[in-house]
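A.B. asks: Pasting structure06.tsv below, which is TSV, C-alpha atoms and all ligand atoms.
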chain	number	residue	atom	x	y	z
F	1	MET	CA	-2.86	13.49	9.84
F	2	ILE	CA	-1.20	16.17	7.74
F	3	THR	CA	-3.31	17.47	4.86
F	4	LEU	CA	-1.93	19.52	2.00
F	5	ARG	CA	-4.47	21.07	-0.35
F	6	GLY	CA	-3.21	22.85	-3.43
F	7	LEU	CA	-0.27	23.99	-1.35
F	8	THR	CA	1.78	26.51	-3.33
F	9	LYS	CA	4.71	28.77	-2.52
F	10	ARG	CA	6.35	31.23	-4.87
F	11	PHE	CA	9.49	33.19	-4.14
F	12	GLY	CA	9.51	35.83	-6.87
F	13	ALA	CA	9.79	33.95	-10.16
F	14	THR	CA	10.57	30.63	-8.43
F	15	THR	CA	7.69	28.28	-7.69
F	16	ALA	CA	9.16	26.30	-4.80
F	17	VAL	CA	5.99	24.30	-4.08
F	18	ASP	CA	3.42	23.83	-6.81
F	19	ALA	CA	-0.19	22.90	-6.00
F	20	LEU	CA	0.69	20.00	-3.73
F	21	THR	CA	-2.31	17.93	-2.65
F	22	VAL	CA	-1.61	14.96	-0.43
F	23	ASP	CA	-2.68	13.35	2.85
F	24	ILE	CA	0.04	12.13	5.19
F	25	ALA	CA	-1.71	9.49	7.25
F	26	PRO	CA	-1.15	8.37	10.84
F	27	GLY	CA	0.21	4.97	11.80
F	28	ARG	CA	2.96	4.83	9.24
F	29	VAL	CA	6.24	6.44	8.30
F	30	THR	CA	5.88	8.59	5.20
F	31	GLY	CA	9.16	9.35	3.49
F	32	PHE	CA	9.44	12.70	1.76
F	33	LEU	CA	11.84	12.63	-1.18
F	34	GLY	CA	12.92	14.94	-3.93
F	35	PRO	CA	16.11	16.19	-5.56
F	36	ASN	CA	17.85	19.24	-4.10
F	37	GLY	CA	15.68	22.30	-4.36
F	38	ALA	CA	12.51	20.23	-4.96
F	39	GLY	CA	10.64	22.12	-2.23
F	40	LYS	CA	10.74	19.70	0.71
F	41	SER	CA	11.96	22.16	3.33
F	42	THR	CA	9.60	24.85	2.09
F	43	THR	CA	6.68	22.40	2.36
F	44	MET	CA	7.68	21.47	5.91
F	45	ARG	CA	8.08	25.12	6.82
F	46	MET	CA	4.57	25.88	5.57
F	47	ILE	CA	3.13	22.97	7.57
F	48	LEU	CA	4.74	24.55	10.65
F	49	GLY	CA	3.51	28.04	9.84
F	50	LEU	CA	7.07	29.33	9.26
F	51	ASP	CA	6.34	30.21	5.62
F	52	ARG	CA	3.02	31.50	4.40
F	53	PRO	CA	1.52	29.65	1.42
F	54	THR	CA	1.01	31.73	-1.71
F	55	ALA	CA	-2.07	29.58	-2.31
F	56	GLY	CA	-3.68	26.49	-0.83
F	57	GLU	CA	-3.30	25.25	2.71
F	58	ALA	CA	-1.40	22.89	5.00
F	59	LEU	CA	-3.41	21.42	7.88
F	60	ILE	CA	-2.50	19.46	10.97
F	61	ASP	CA	-5.41	17.35	12.09
F	62	GLY	CA	-7.68	19.70	10.17
F	63	ARG	CA	-6.29	23.03	11.31
F	64	PRO	CA	-3.55	25.33	10.08
F	65	TYR	CA	-0.59	25.56	12.47
F	66	ARG	CA	-1.41	29.11	13.56
F	67	ARG	CA	-4.80	27.95	14.84
F	68	LEU	CA	-3.38	25.16	17.04
F	69	ARG	CA	-3.99	25.94	20.70
F	70	HIS	CA	-0.98	24.03	22.08
F	71	PRO	CA	1.31	23.51	19.09
F	72	LEU	CA	3.99	21.42	20.84
F	73	TYR	CA	1.31	18.98	22.00
F	74	GLU	CA	-0.02	18.65	18.48
F	75	VAL	CA	3.03	18.59	16.24
F	76	GLY	CA	6.73	18.09	16.88
F	77	ALA	CA	9.40	18.88	14.35
F	78	LEU	CA	13.10	18.72	13.72
F	79	LEU	CA	13.91	21.11	10.91
F	80	ASP	CA	17.37	22.42	11.68
F	81	ALA	CA	19.51	20.61	14.24
F	82	THR	CA	21.83	23.59	14.55
F	83	ALA	CA	19.02	25.85	15.78
F	84	ILE	CA	20.14	25.96	19.39
F	85	HIS	CA	21.60	28.89	21.31
F	86	PRO	CA	25.42	28.53	21.26
F	87	ALA	CA	25.82	29.25	24.98
F	88	ARG	CA	22.81	27.34	26.24
F	89	SER	CA	23.02	23.69	27.25
F	90	GLY	CA	20.79	21.11	25.63
F	91	ARG	CA	18.93	20.60	28.87
F	92	ALA	CA	18.38	24.34	29.35
F	93	HIS	CA	17.17	24.57	25.75
F	94	LEU	CA	14.58	21.83	26.35
F	95	LEU	CA	13.61	23.25	29.76
F	96	ALA	CA	12.94	26.64	28.17
F	97	MET	CA	10.80	24.99	25.49
F	98	ALA	CA	8.93	22.99	28.15
F	99	ARG	CA	8.36	25.96	30.42
F	100	SER	CA	6.98	28.20	27.69
F	101	ASN	CA	4.56	25.47	26.62
F	102	GLY	CA	3.29	24.34	30.01
F	103	ILE	CA	5.11	21.00	29.81
F	104	PRO	CA	6.37	19.58	33.14
F	105	ALA	CA	10.18	19.66	33.63
F	106	ARG	CA	10.35	15.88	34.23
F	107	ARG	CA	9.35	15.37	30.61
F	108	VAL	CA	12.74	16.87	29.67
F	109	ASP	CA	14.50	13.98	31.43
F	110	GLU	CA	12.22	11.50	29.71
F	111	VAL	CA	12.96	12.77	26.21
F	112	LEU	CA	16.70	13.11	26.93
F	113	ALA	CA	16.67	9.44	27.94
F	114	THR	CA	14.66	8.50	24.84
F	115	VAL	CA	17.22	10.09	22.52
F	116	GLY	CA	20.18	8.72	24.45
F	117	LEU	CA	21.71	11.98	25.72
F	118	ASP	CA	23.15	11.47	29.19
F	119	ASP	CA	23.59	14.18	31.85
F	120	ARG	CA	27.04	15.13	30.63
F	121	ALA	CA	25.96	15.49	27.01
F	122	ALA	CA	22.84	17.42	28.03
F	123	ALA	CA	24.98	19.89	30.02
F	124	LYS	CA	27.18	20.87	27.06
F	125	PRO	CA	26.68	24.30	25.54
F	126	GLY	CA	25.03	24.32	22.12
F	127	ARG	CA	28.15	25.45	20.25
F	128	THR	CA	30.09	22.37	21.40
F	129	LEU	CA	27.52	19.81	20.27
F	130	SER	CA	28.45	17.55	17.38
F	131	LEU	CA	25.99	17.41	14.49
F	132	GLY	CA	24.83	13.99	15.68
F	133	MET	CA	24.21	15.24	19.22
F	134	GLY	CA	22.40	18.25	17.79
F	135	GLN	CA	20.17	15.87	15.82
F	136	ARG	CA	19.36	13.90	18.96
F	137	LEU	CA	18.59	17.10	20.83
F	138	GLY	CA	16.37	18.30	17.98
F	139	ILE	CA	14.50	14.99	18.05
F	140	ALA	CA	14.12	15.33	21.84
F	141	GLY	CA	12.56	18.74	21.29
F	142	ALA	CA	10.13	17.31	18.74
F	143	LEU	CA	9.05	14.61	21.22
F	144	LEU	CA	8.68	16.99	24.17
F	145	GLY	CA	4.92	17.53	23.89
F	146	ASP	CA	4.28	13.84	23.05
F	147	PRO	CA	2.51	14.98	19.85
F	148	PRO	CA	0.53	12.75	17.46
F	149	VAL	CA	2.18	14.36	14.42
F	150	LEU	CA	5.95	14.42	13.90
F	151	MET	CA	8.10	15.83	11.14
F	152	PHE	CA	11.80	15.34	10.67
F	153	ASP	CA	13.90	17.04	8.00
F	154	GLU	CA	17.00	14.92	7.30
F	155	PRO	CA	17.12	13.43	10.83
F	156	VAL	CA	20.03	11.09	10.15
F	157	ASN	CA	22.36	13.81	8.88
F	158	GLY	CA	25.63	13.53	10.76
F	159	LEU	CA	24.73	10.35	12.64
F	160	ASP	CA	27.00	7.31	12.72
F	161	PRO	CA	25.60	3.89	11.66
F	162	ASP	CA	24.37	3.16	15.20
F	163	GLY	CA	22.64	6.53	15.29
F	164	VAL	CA	21.08	5.92	11.87
F	165	ARG	CA	19.70	2.57	13.05
F	166	TRP	CA	18.43	4.18	16.23
F	167	VAL	CA	16.54	6.88	14.26
F	168	ARG	CA	15.03	4.19	12.04
F	169	GLN	CA	13.76	2.23	15.05
F	170	LEU	CA	12.44	5.40	16.68
F	171	MET	CA	10.51	6.44	13.54
F	172	ARG	CA	9.05	2.97	13.21
F	173	SER	CA	8.01	2.81	16.84
F	174	LEU	CA	6.43	6.29	16.70
F	175	ALA	CA	4.39	5.15	13.70
F	176	ARG	CA	3.43	1.91	15.46
F	177	GLN	CA	2.06	4.03	18.29
F	178	GLY	CA	-0.36	5.46	15.72
F	179	ARG	CA	1.40	8.77	15.11
F	180	THR	CA	1.86	10.54	11.80
F	181	VAL	CA	5.56	10.46	10.96
F	182	PHE	CA	6.72	12.56	8.01
F	183	VAL	CA	10.44	12.37	7.31
F	184	SER	CA	12.73	13.63	4.58
F	185	SER	CA	16.06	12.06	3.77
F	186	HIS	CA	18.61	11.89	1.00
F	187	LEU	CA	19.65	8.39	2.00
F	188	MET	CA	17.61	6.13	-0.24
F	189	SER	CA	18.84	2.88	1.26
F	190	GLU	CA	17.83	4.15	4.69
F	191	MET	CA	14.45	5.33	3.45
F	192	GLN	CA	13.84	1.93	1.90
F	193	LEU	CA	14.23	0.41	5.38
F	194	THR	CA	12.28	3.07	7.28
F	195	ALA	CA	9.30	4.28	5.26
F	196	ASP	CA	5.95	2.61	4.53
F	197	GLN	CA	4.67	5.29	2.19
F	198	LEU	CA	6.53	7.69	-0.09
F	199	VAL	CA	5.71	11.18	-1.22
F	200	VAL	CA	8.09	12.21	-3.99
F	201	ILE	CA	8.24	15.74	-5.37
F	202	GLY	CA	10.26	17.39	-8.11
F	203	ARG	CA	10.24	21.11	-8.89
F	204	GLY	CA	7.60	21.50	-6.23
F	205	ARG	CA	5.18	19.10	-7.93
F	206	LEU	CA	3.89	15.76	-6.71
F	207	LEU	CA	5.56	12.90	-8.62
F	208	ALA	CA	4.42	9.97	-6.48
F	209	ASP	CA	2.33	9.23	-3.41
F	210	ALA	CA	2.30	5.47	-2.96
F	211	PRO	CA	3.38	2.59	-0.73
F	212	ILE	CA	7.14	2.18	-0.99
F	213	GLY	CA	6.78	-1.36	-2.34
F	214	ASP	CA	4.77	-0.05	-5.31
F	215	VAL	CA	7.26	2.72	-6.04
F	216	VAL	CA	10.17	0.29	-6.03
F	217	ALA	CA	8.30	-2.39	-8.00
F	218	ASP	CA	7.47	0.14	-10.74
F	219	SER	CA	11.13	0.82	-11.38
F	220	THR	CA	12.98	-1.06	-14.08
F	221	ARG	CA	15.44	-3.70	-13.06
F	222	ALA	CA	18.97	-3.55	-14.31
F	223	VAL	CA	20.92	-6.52	-15.66
F	224	ARG	CA	24.60	-6.99	-14.81
F	225	VAL	CA	26.81	-8.49	-17.48
F	226	ARG	CA	30.46	-9.47	-17.00
F	227	SER	CA	32.80	-10.85	-19.61
F	228	PRO	CA	36.56	-11.52	-19.68
F	229	HIS	CA	36.66	-10.20	-23.28
F	230	PRO	CA	36.53	-6.38	-23.49
F	231	ASP	CA	36.05	-6.39	-27.29
F	232	GLY	CA	33.19	-8.83	-27.07
F	233	LEU	CA	31.64	-6.79	-24.27
F	234	ALA	CA	31.92	-3.62	-26.35
F	235	ALA	CA	30.24	-5.36	-29.30
F	236	LEU	CA	27.47	-6.56	-27.00
F	237	ALA	CA	27.06	-3.05	-25.61
F	238	ASP	CA	26.68	-1.63	-29.13
F	239	ARG	CA	24.16	-4.28	-30.07
F	240	LEU	CA	22.14	-3.71	-26.89
F	241	ALA	CA	22.17	0.06	-27.42
F	242	ALA	CA	20.92	-0.48	-30.98
F	243	THR	CA	17.92	-2.39	-29.62
F	244	GLY	CA	17.04	0.58	-27.39
F	245	ALA	CA	18.58	-0.60	-24.13
F	246	THR	CA	20.47	1.79	-21.88
F	247	VAL	CA	23.99	0.53	-21.37
F	248	GLU	CA	26.52	1.79	-18.85
F	249	ALA	CA	30.06	0.54	-18.37
F	250	ALA	CA	30.25	-0.43	-14.70
F	251	GLY	CA	33.95	-1.38	-14.96
F	252	PRO	CA	36.43	-2.65	-17.56
F	253	ASP	CA	34.75	-6.06	-17.68
F	254	GLU	CA	31.23	-5.16	-16.66
F	255	LEU	CA	28.06	-3.55	-18.05
F	256	THR	CA	24.87	-2.42	-16.39
F	257	VAL	CA	21.98	-2.72	-18.80
F	258	ASN	CA	18.50	-1.28	-18.46
F	259	GLY	CA	15.45	-1.64	-20.62
F	260	VAL	CA	15.83	-5.30	-21.68
F	261	THR	CA	15.29	-8.66	-20.04
F	262	VAL	CA	18.05	-10.96	-18.86
F	263	ASP	CA	16.94	-13.49	-21.50
F	264	ARG	CA	17.38	-10.99	-24.30
F	265	VAL	CA	20.88	-10.04	-23.14
F	266	GLY	CA	21.78	-13.73	-22.94
F	267	ASP	CA	20.44	-14.40	-26.46
F	268	LEU	CA	22.37	-11.47	-27.95
F	269	ALA	CA	25.58	-12.53	-26.23
F	270	TYR	CA	25.10	-16.03	-27.65
F	271	GLU	CA	24.46	-14.66	-31.17
F	272	LEU	CA	27.63	-12.59	-30.98
F	273	GLY	CA	29.64	-15.42	-29.46
F	274	VAL	CA	30.61	-13.38	-26.41
F	275	ARG	CA	31.69	-15.46	-23.43
F	276	LEU	CA	30.03	-14.31	-20.21
F	277	HIS	CA	31.15	-14.74	-16.61
F	278	GLU	CA	28.01	-13.20	-15.18
F	279	LEU	CA	24.50	-12.40	-16.34
F	280	SER	CA	22.30	-11.43	-13.44
F	281	PRO	CA	19.15	-9.42	-12.78
F	282	GLN	CA	19.69	-6.75	-10.12
F	283	GLY	CA	17.26	-6.24	-7.25
F	284	ALA	CA	14.86	-3.34	-7.55
F	285	SER	CA	16.06	-0.43	-5.48
F	286	LEU	CA	14.53	2.77	-4.26
F	287	GLU	CA	17.62	4.53	-5.56
F	288	ARG	CA	16.78	3.55	-9.12
F	289	ALA	CA	13.05	4.20	-8.66
F	290	PHE	CA	13.90	7.67	-7.39
F	291	MET	CA	16.24	8.40	-10.31
F	292	GLU	CA	13.56	7.36	-12.78
F	293	LEU	CA	10.80	9.29	-11.06
F	294	THR	CA	12.80	12.49	-10.79
F	295	ALA	CA	14.68	12.25	-14.09
F	296	GLY	CA	12.79	15.23	-15.49
F	297	SER	CA	13.25	17.35	-12.40
F	298	VAL	CA	16.92	17.22	-11.54
F	299	GLU	CA	18.30	19.57	-14.16
F	300	TYR	CA	16.39	22.27	-12.33
F	301	ALA	CA	19.43	23.48	-10.41
F	302	GLY	CA	21.35	24.13	-13.59
F	303	ALA	CA	18.47	25.44	-15.69
F	304	PRO	CA	18.74	28.99	-17.01
F	305	GLY	CA	17.19	31.29	-14.46
F	306	GLY	CA	17.04	28.36	-12.03
F	307	ASP	CA	18.08	28.72	-8.47
F	308	ASP	CA	20.30	26.18	-6.84
F	309	ARG	CA	19.76	27.93	-3.51
F	401	LIG	N1	13.44	32.13	1.34
F	401	LIG	C1	13.60	31.83	0.06
F	401	LIG	N2	13.71	32.78	-0.89
F	401	LIG	C2	13.85	32.49	-2.18
F	401	LIG	N3	13.87	31.25	-2.66
F	401	LIG	C3	13.76	30.24	-1.80
F	401	LIG	C4	13.62	30.46	-0.39
F	401	LIG	N4	13.53	29.26	0.22
F	401	LIG	C5	13.62	28.33	-0.75
F	401	LIG	N5	13.75	28.91	-1.97
F	401	LIG	C6	13.84	28.21	-3.26
F	401	LIG	O1	12.75	27.32	-3.34
F	401	LIG	C7	13.14	26.09	-3.95
F	401	LIG	C8	12.84	24.93	-2.99
F	401	LIG	O2	13.76	24.96	-1.90
F	401	LIG	P1	13.69	23.95	-0.67
F	401	LIG	O3	14.76	24.36	0.26
F	401	LIG	O4	12.31	23.89	-0.16
F	401	LIG	O5	14.04	22.58	-1.37
F	401	LIG	P2	14.46	21.20	-0.71
F	401	LIG	O6	13.71	20.16	-1.45
F	401	LIG	O7	14.30	21.25	0.76
F	401	LIG	O8	16.00	21.13	-1.10
F	401	LIG	P3	17.24	20.40	-0.36
F	401	LIG	O9	17.05	18.94	-0.57
F	401	LIG	O10	18.40	20.94	-1.14
F	401	LIG	O11	17.22	20.85	1.07
F	401	LIG	C9	14.60	26.26	-4.30
F	401	LIG	O12	14.68	26.69	-5.64
F	401	LIG	C10	15.07	27.33	-3.35
F	401	LIG	O13	16.16	28.04	-3.89
Would you write out, as structure tokens, the structure that this file holds?
C.D. replies:
Amino acid sequence: MITLRGLTKRFGATTAVDALTVDIAPGRVTGFLGPNGAGKSTTMRMILGLDRPTAGEALIDGRPYRRLRHPLYEVGALLDATAIHPARSGRAHLLAMARSNGIPARRVDEVLATVGLDDRAAAKPGRTLSLGMGQRLGIAGALLGDPPVLMFDEPVNGLDPDGVRWVRQLMRSLARQGRTVFVSSHLMSEMQLTADQLVVIGRGRLLADAPIGDVVADSTRAVRVRSPHPDGLAALADRLAATGATVEAAGPDELTVNGVTVDRVGDLAYELGVRLHELSPQGASLERAFMELTAGSVEYAGAPGGDDR
């Protein structure tokens, strides 16, 4: 269990994390989402004792990181896959970690096998590792102490589709084993397949903490409209906009409409005599739910005095 209580971090005038209170429970994958600069990395860094909270606390199974007796046995993390010595091999990197934490050397072979790095890959110096191999090595490091709490910051960055699927299965199996799995990602479609629970933040503040199904179900569903008559489609778009719907041109013969039902769009098209080739409700997606949730938080990067890092 990871517990955040009023967790706050200020860097000068910037409030990176703002009074975050949330429990990240074991036995499920909790996705951590937010627009760029929302405060995800800073939150993860505070959980790991790498940044000091300005106020509040971050606890791992009830204790702050600095009070953990054997940190690697209690929490494993992948924050930055490039954080490996350029001249050191992956295996040497893991062996050094194991040795300094009283973990037997054979565990290094186990985790290398788990992440799919063979002897040759594990012997390569850090500077020659691809981003994907670096990610696998970082995940191996997180698993080294077999900890009940795991955190991964953007673990699928740089992985090919096979690698992405592999990370998804790994996260799910770690959660099934009863561990706390806290993972950030920018890939919404991937998160929709991986996470059970979502914690969404914007400008450092909590926007949502709910099962993923609830977050997605709360989002509005778009309606796709296609017509072979551009003028008719334009007239329909104007009419829909006048009724308060949000209308986007998705192509020369296609509209994406939000804020009205399919029936209403169909009725208006009929009234205007516009011939349609398609009128279909779109599936709810995490992508849309995320956009709606964070709509008020994304202009942050461009705001006067804002900091886009
Ligand atoms: N060491 C620092 N000094 C000053 N400001 C910082 C520092 N670290 C982070 N910030 C600022 O804090 C805010 C949150 O940054 P953070 O990196 O935690 O966001 P994030 O959600 O991880 O973003 P991204 O998705 O882009 O990685 C940003 O405005 C960032 O510029």
A.B. asks: Taking (2.2, 18.9, -6.2) as a centre in this file's frame and 8 Å as the limit, can you find every polymer residue with an atom that close, using all atoms listed in the file, and give them as JSON, numbers by chain?
C.D. replies: {"F": [6, 7, 17, 18, 19, 20, 21, 22, 201, 204, 205, 206, 207]}
A.B. asks: Check the smallest atom-to-atom distance from each of F:Gly266, F:Gly283, F:Gly273, F:Gly62 to Ala235 of chain F using all atoms listed in the file, then report the winner.
C.D. replies: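 Result for the nearest residue to Ala235 of chain F: F:Gly273.
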A.B. asks: For Met191 of chain F, list every protein, DNA or RNA residue within 12 Å, evaluated using all atoms listed in the file, and leave out those in the same chain fewer than 4 positions away; present the list as number ranges by chain.
C.D. replies: F: 29-33, 154-156, 164-165, 167-168, 171-172, 182-187, 195-200, 212-213, 216, 285-287, 290
A.B. asks: For ligand LIG 401 (chain F), which residue among F:Leu170, F:Val75, F:Ile24, F:Ala16 is the nearest when counting only C-alpha atoms and all ligand atoms?
C.D. replies: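 Closest to ligand LIG 401 (chain F), using only C-alpha atoms and all ligand atoms: F:Ala16.
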A.B. asks: What lies within 7 Å of Val257 of chain F using all atoms listed in the file, ignoring chain neighbours under 5 positions off, as a list in words?
C.D. replies: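 Once the adjacent positions are removed, what remains is Ala222, Val223, Arg224, Ala245, Thr246, Val247 and Glu248 of chain F.
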A.B. asks: Please identify every polymer residue within 12 Å of ligand LIG 401 (chain F), using all atoms listed in the file, and present the set as an mmCIF file with C-alpha atoms, in the frame of the given file.
C.D. replies:
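File written: out_8.cif
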data_model
loop_
_atom_site.group_PDB
_atom_site.id
_atom_site.type_symbol
_atom_site.label_atom_id
_atom_site.label_comp_id
_atom_site.auth_asym_id
_atom_site.auth_seq_id
_atom_site.Cartn_x
_atom_site.Cartn_y
_atom_site.Cartn_z
ATOM 1 C CA THR F 8 1.780 26.510 -3.330
ATOM 2 C CA LYS F 9 4.710 28.770 -2.520
ATOM 3 C CA ARG F 10 6.350 31.230 -4.870
ATOM 4 C CA PHE F 11 9.490 33.190 -4.140
ATOM 5 C CA GLY F 12 9.510 35.830 -6.870
ATOM 6 C CA ALA F 13 9.790 33.950 -10.160
ATOM 7 C CA THR F 14 10.570 30.630 -8.430
ATOM 8 C CA THR F 15 7.690 28.280 -7.690
ATOM 9 C CA ALA F 16 9.160 26.300 -4.800
ATOM 10 C CA VAL F 17 5.990 24.300 -4.080
ATOM 11 C CA ASP F 18 3.420 23.830 -6.810
ATOM 12 C CA PHE F 32 9.440 12.700 1.760
ATOM 13 C CA LEU F 33 11.840 12.630 -1.180
ATOM 14 C CA GLY F 34 12.920 14.940 -3.930
ATOM 15 C CA PRO F 35 16.110 16.190 -5.560
ATOM 16 C CA ASN F 36 17.850 19.240 -4.100
ATOM 17 C CA GLY F 37 15.680 22.300 -4.360
ATOM 18 C CA ALA F 38 12.510 20.230 -4.960
ATOM 19 C CA GLY F 39 10.640 22.120 -2.230
ATOM 20 C CA LYS F 40 10.740 19.700 0.710
ATOM 21 C CA SER F 41 11.960 22.160 3.330
ATOM 22 C CA THR F 42 9.600 24.850 2.090
ATOM 23 C CA THR F 43 6.680 22.400 2.360
ATOM 24 C CA MET F 44 7.680 21.470 5.910
ATOM 25 C CA ARG F 45 8.080 25.120 6.820
ATOM 26 C CA MET F 46 4.570 25.880 5.570
ATOM 27 C CA LEU F 50 7.070 29.330 9.260
ATOM 28 C CA ASP F 51 6.340 30.210 5.620
ATOM 29 C CA ARG F 52 3.020 31.500 4.400
ATOM 30 C CA LEU F 79 13.910 21.110 10.910
ATOM 31 C CA ASP F 80 17.370 22.420 11.680
ATOM 32 C CA PHE F 152 11.800 15.340 10.670
ATOM 33 C CA ASP F 153 13.900 17.040 8.000
ATOM 34 C CA GLU F 154 17.000 14.920 7.300
ATOM 35 C CA ASN F 157 22.360 13.810 8.880
ATOM 36 C CA VAL F 183 10.440 12.370 7.310
ATOM 37 C CA SER F 184 12.730 13.630 4.580
ATOM 38 C CA SER F 185 16.060 12.060 3.770
ATOM 39 C CA HIS F 186 18.610 11.890 1.000
ATOM 40 C CA LEU F 187 19.650 8.390 2.000
ATOM 41 C CA VAL F 200 8.090 12.210 -3.990
ATOM 42 C CA ILE F 201 8.240 15.740 -5.370
ATOM 43 C CA GLY F 202 10.260 17.390 -8.110
ATOM 44 C CA ARG F 203 10.240 21.110 -8.890
ATOM 45 C CA GLY F 204 7.600 21.500 -6.230
ATOM 46 C CA ARG F 205 5.180 19.100 -7.930
ATOM 47 C CA LEU F 206 3.890 15.760 -6.710
ATOM 48 C CA SER F 297 13.250 17.350 -12.400
ATOM 49 C CA VAL F 298 16.920 17.220 -11.540
ATOM 50 C CA GLU F 299 18.300 19.570 -14.160
ATOM 51 C CA TYR F 300 16.390 22.270 -12.330
ATOM 52 C CA ALA F 301 19.430 23.480 -10.410
ATOM 53 C CA GLY F 302 21.350 24.130 -13.590
ATOM 54 C CA ALA F 303 18.470 25.440 -15.690
ATOM 55 C CA GLY F 305 17.190 31.290 -14.460
ATOM 56 C CA GLY F 306 17.040 28.360 -12.030
ATOM 57 C CA ASP F 307 18.080 28.720 -8.470
ATOM 58 C CA ASP F 308 20.300 26.180 -6.840
ATOM 59 C CA ARG F 309 19.760 27.930 -3.510
#
A.B. asks: In Å, with one decimal, what is the gap from atom CA of Val225 of chain F to atom CA of Asp267 of chain F?
C.D. replies: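 One can read the atom CA of Val225 of chain F to atom CA of Asp267 of chain F distance as 12.5 Å.
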A.B. asks: List as a list of chain:residue names the protein and nucleic acid residues near Gly178 of chain F, meaning an atom at most 8 Å away when only C-alpha atoms are counted, but skip any in the same chain fewer than 5 places from it.
C.D. replies: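 After dropping sequence-adjacent residues, the list is F:Pro26, F:Gly27, F:Arg28, F:Pro148.
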A.B. asks: Counting only C-alpha atoms, which of F:Thr180, F:Ser280, F:Thr261, F:Gln192 gets nearest to Thr220 of chain F?
C.D. replies: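 Ranking F:Thr180, F:Ser280, F:Thr261, F:Gln192 by distance to Thr220 of chain F, first place goes to F:Thr261.
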A.B. asks: Around all listed atoms of segment 2-7 of chain F, padded 5 Å per side, what centre and edge lengths does the axis-aligned box have in Å to one decimal, as lines of an AutoDock Vina configuration file?
C.D. replies:
center_x = -2.4
center_y = 20.1
center_z = 2.2
size_x = 14.2
size_y = 17.8
size_z = 21.2
A.B. asks: Just to confirm, what's the straight-line distance from atom CA of Gly134 of chain F to atom CA of Val115 of chain F in Å (one decimal)?
C.D. replies: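 Between these atoms lies a distance of 10.8 Å.
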A.B. asks: Which neighbours of Arg221 of chain F fall inside 7 Å, counting only C-alpha atoms, when residues of the same chain fewer than 2 positions from it are skipped, and could you give them as an NGL selection string?
C.D. replies: :F and (219 or 223 or 258 or 281-284)
A.B. asks: Kindly save the residues from that selection, with C-alpha atoms included, as a compact mmCIF listing (two decimals), in the coordinates of the input.
C.D. replies:
# COMPACT_ATOMS: atom_id res chain seq x y z
CA SER F 219 11.13 0.82 -11.38
CA VAL F 223 20.92 -6.52 -15.66
CA ASN F 258 18.50 -1.28 -18.46
CA PRO F 281 19.15 -9.42 -12.78
CA GLN F 282 19.69 -6.75 -10.12
CA GLY F 283 17.26 -6.24 -7.25
CA ALA F 284 14.86 -3.34 -7.55
A.B. asks: Nearest to Gly145 of chain F: which of F:Ala208, F:Leu112, F:Leu272, F:Leu72 is it, counting only C-alpha atoms?
C.D. replies: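 Once distances to Gly145 of chain F are computed over only C-alpha atoms, the minimum belongs to F:Leu72.
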A.B. asks: Please tell me which residues are no farther than 12 Å from (34.3, -5.1, -23.5) in the file, counting all atoms listed in the file, and write them as a ChimeraX atom specification.
C.D. replies: /F:225-238,247-255,269,274-276
A.B. asks: Tell me, in Å to one decimal, how far atom CA of Glu74 of chain F is from atom CA of Arg91 of chain F.
C.D. replies: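 Calculated distance between atom CA of Glu74 of chain F and atom CA of Arg91 of chain F is 21.7 Å.
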A.B. asks: Taking all atoms listed in the file into account, which of F:Thr294, F:Ser89, F:Ser100, F:Thr243 comes nearest Ala122 of chain F?
C.D. replies: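 Nearest to Ala122 of chain F: F:Ser89.
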A.B. asks: Excluding Leu94 of chain F and residues on its chain fewer than 2 positions from it, collect all residues at most 8 Å away from it, counting all atoms listed in the file, and give them as a VMD selection string.
C.D. replies: chain F and resid 90 to 92 96 to 98 108 140 to 141 144
A.B. asks: Which one is closest to Arg239 of chain F: F:Val111, F:Pro211, F:Pro86, F:Leu268? Count all atoms listed in the file.
C.D. replies: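 The answer is F:Leu268, which sits nearest to Arg239 of chain F.
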A.B. asks: Any chance you could model N, CA and C atoms for segment 211-217 of chain F and send them as a tab-separated table (two decimals), in the frame of the given file?
C.D. replies:
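rebuild01.tsv, written as the output of this step:
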chain	number	residue	atom	x	y	z
F	211	PRO	N	2.61	3.45	-1.62
F	211	PRO	CA	3.38	2.59	-0.73
F	211	PRO	C	4.76	2.35	-1.33
F	212	ILE	N	5.75	2.27	-0.49
F	212	ILE	CA	7.14	2.18	-0.99
F	212	ILE	C	7.32	0.95	-1.88
F	213	GLY	N	6.65	-0.14	-1.54
F	213	GLY	CA	6.78	-1.36	-2.34
F	213	GLY	C	6.34	-1.12	-3.78
F	214	ASP	N	5.27	-0.33	-3.96
F	214	ASP	CA	4.77	-0.05	-5.31
F	214	ASP	C	5.77	0.82	-6.07
F	215	VAL	N	6.32	1.81	-5.38
F	215	VAL	CA	7.26	2.72	-6.04
F	215	VAL	C	8.48	1.93	-6.53
F	216	VAL	N	8.98	1.06	-5.67
F	216	VAL	CA	10.17	0.29	-6.03
F	216	VAL	C	9.84	-0.72	-7.13
F	217	ALA	N	8.66	-1.37	-7.02
F	217	ALA	CA	8.30	-2.39	-8.00
F	217	ALA	C	8.11	-1.79	-9.39
